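Peer 1: Sharing a structure, written as structure tokens. Questions coming.
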Amino acid sequence: SGPPVEINAFVAGVIALSVVFSAYCSEVLLSAFRAIPKGQYEAGDSLGLHRGRTLRLIVLPQLVRIALPGLTNLWMVLLKDTSYVSIISLTDILRQTSVAVRVTKEPFFFYGLACCLYLALAILSSFLLVYVERWAKRSEIRR
């Protein structure tokens with residue numbers, strides 16, 4: 001049987017969150033692909049485009065617009081779920097907060113501060129994602 005395999009807590013956290021959210025992400029993208037009508041592929045064929053070019057020029061821009069709301073939602077959930085890595089002793093905002101609470105005996109202040117940090121990260125993310133969504137829908141706005 002060989003020596004035991006040890007994995008760094010950070011690597012384990014990244015792998016766990018990556019596996020879970022890549023499964024969710026694949027479902028969002030699969031749904032977006034299914035939402036694109038077959039006529040779009042046929043239009044690319046009628047224009048004489050190869051499959052790869054049809055995908056890049058016709059399907060992908062539509063796919064981004066369809067999948068973006070679901071991917072945005074997954075990003076916000078991932079942002080909040082990073083606190084789960086504290087279970088495997090990886091330092092994050094929530095773990096540092098609990099350490100500070102044990103030392104100072106001021107839970108309201110430190111948990112409020114952690115809440116404000118998560119809120120700030122969520123607000124910054126939402127501004128960035130709104131910008132990306134506007135960029136993806138730029139062709140619809142011009143009409």
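Ordering of the structure tokens sets the chain letters (A, B, ...); residue numbers start at 1 within each chain; ligands are numbered from 1 in the order shown.
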Taking the DSSP secondary structure from the backbone, can you list the residues of region 1-134 of chain A that are alpha helix (DSSP H), as a PyMOL selection string?
Peer 2: chain A and resi 9-35+38-46+51-54+60-81+93-104+107-134
Peer 1: Take the residues from that selection and write them out as a CSV table (one decimal), in the first residue's frame, keeping C-alpha atoms.
Peer 2:
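What ended up in out.csv:
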chain,number,residue,atom,x,y,z
A,9,ALA,CA,-5.8,22.4,2.7
A,10,PHE,CA,-5.9,25.1,0.0
A,11,VAL,CA,-5.6,22.7,-2.8
A,12,ALA,CA,-8.3,20.5,-1.3
A,13,GLY,CA,-10.6,23.5,-0.9
A,14,VAL,CA,-10.0,24.6,-4.5
A,15,ILE,CA,-10.6,21.1,-5.8
A,16,ALA,CA,-13.8,20.7,-3.9
A,17,LEU,CA,-15.3,24.0,-4.9
A,18,SER,CA,-14.1,23.5,-8.5
A,19,VAL,CA,-15.8,20.1,-8.8
A,20,VAL,CA,-19.1,21.2,-7.4
A,21,PHE,CA,-19.3,24.5,-9.3
A,22,SER,CA,-18.1,23.1,-12.6
A,23,ALA,CA,-21.0,20.6,-12.4
A,24,TYR,CA,-23.4,23.5,-11.9
A,25,CYS,CA,-21.7,25.5,-14.6
A,26,SER,CA,-21.9,22.7,-17.1
A,27,GLU,CA,-25.7,22.5,-16.5
A,28,VAL,CA,-26.1,26.2,-17.1
A,29,LEU,CA,-24.1,26.0,-20.3
A,30,LEU,CA,-25.9,22.8,-21.5
A,31,SER,CA,-29.2,24.6,-21.0
A,32,ALA,CA,-28.0,27.6,-22.9
A,33,PHE,CA,-26.8,25.3,-25.8
A,34,ARG,CA,-30.2,23.7,-25.9
A,35,ALA,CA,-32.0,27.1,-26.0
A,38,LYS,CA,-31.2,24.3,-34.7
A,39,GLY,CA,-31.9,26.9,-37.4
A,40,GLN,CA,-28.9,28.9,-36.2
A,41,TYR,CA,-26.6,26.0,-37.1
A,42,GLU,CA,-28.4,25.6,-40.4
A,43,ALA,CA,-28.0,29.3,-41.1
A,44,GLY,CA,-24.2,28.9,-40.7
A,45,ASP,CA,-24.3,25.9,-43.0
A,46,SER,CA,-26.2,27.9,-45.6
A,51,ARG,CA,-18.9,24.2,-37.8
A,52,GLY,CA,-16.2,25.9,-35.8
A,53,ARG,CA,-16.8,29.2,-37.5
A,54,THR,CA,-20.5,28.8,-37.1
A,60,LEU,CA,-21.3,31.7,-29.0
A,61,PRO,CA,-22.6,35.3,-28.9
A,62,GLN,CA,-26.1,34.0,-28.3
A,63,LEU,CA,-24.8,31.4,-25.8
A,64,VAL,CA,-23.1,34.1,-23.7
A,65,ARG,CA,-26.3,36.2,-23.6
A,66,ILE,CA,-28.4,33.2,-22.5
A,67,ALA,CA,-26.0,31.7,-20.0
A,68,LEU,CA,-24.8,34.9,-18.4
A,69,PRO,CA,-27.6,35.3,-15.8
A,70,GLY,CA,-27.1,31.7,-14.6
A,71,LEU,CA,-23.3,32.0,-14.5
A,72,THR,CA,-23.7,35.3,-12.6
A,73,ASN,CA,-25.9,33.6,-10.0
A,74,LEU,CA,-23.4,30.8,-9.7
A,75,TRP,CA,-20.5,33.3,-9.1
A,76,MET,CA,-22.5,34.9,-6.3
A,77,VAL,CA,-23.2,31.5,-4.7
A,78,LEU,CA,-19.5,30.6,-5.0
A,79,LEU,CA,-18.5,33.8,-3.3
A,80,LYS,CA,-20.7,32.9,-0.4
A,81,ASP,CA,-19.8,29.2,-0.3
A,93,ILE,CA,-13.0,35.5,6.4
A,94,LEU,CA,-15.3,33.4,8.5
A,95,ARG,CA,-12.6,31.4,10.2
A,96,GLN,CA,-10.6,34.5,11.0
A,97,THR,CA,-13.8,36.0,12.4
A,98,SER,CA,-14.4,33.1,14.7
A,99,VAL,CA,-10.8,33.3,16.0
A,100,ALA,CA,-11.2,37.1,16.6
A,101,VAL,CA,-14.5,36.4,18.4
A,102,ARG,CA,-12.9,33.8,20.7
A,103,VAL,CA,-10.0,36.1,21.6
A,104,THR,CA,-11.9,39.4,22.1
A,107,PRO,CA,-19.1,38.5,18.4
A,108,PHE,CA,-21.4,41.2,17.2
A,109,PHE,CA,-18.6,43.5,16.0
A,110,PHE,CA,-16.6,40.9,14.2
A,111,TYR,CA,-19.5,39.0,12.6
A,112,GLY,CA,-20.9,42.3,11.5
A,113,LEU,CA,-17.5,43.2,10.0
A,114,ALA,CA,-17.4,39.8,8.2
A,115,CYS,CA,-20.9,40.5,6.9
A,116,CYS,CA,-19.8,43.9,5.6
A,117,LEU,CA,-16.8,42.3,3.9
A,118,TYR,CA,-19.0,39.7,2.1
A,119,LEU,CA,-21.4,42.5,1.2
A,120,ALA,CA,-18.6,44.6,-0.2
A,121,LEU,CA,-17.3,41.6,-2.3
A,122,ALA,CA,-20.9,40.9,-3.5
A,123,ILE,CA,-21.5,44.5,-4.5
A,124,LEU,CA,-18.2,44.8,-6.3
A,125,SER,CA,-18.9,41.5,-8.1
A,126,SER,CA,-22.4,42.6,-9.1
A,127,PHE,CA,-21.0,45.9,-10.6
A,128,LEU,CA,-18.5,43.9,-12.6
A,129,LEU,CA,-21.1,41.4,-13.7
A,130,VAL,CA,-23.6,44.1,-14.7
A,131,TYR,CA,-20.8,45.6,-16.9
A,132,VAL,CA,-20.1,42.2,-18.5
A,133,GLU,CA,-23.9,41.7,-19.1
A,134,ARG,CA,-24.1,45.1,-20.8
Peer 1: Can you work out the spacing between CA of Ile58 (chain A) and CA of Lys137 (chain A) in Å, to one decimal?
Peer 2: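 Result for CA of Ile58 (chain A) versus CA of Lys137 (chain A): 14.2 Å, one decimal.
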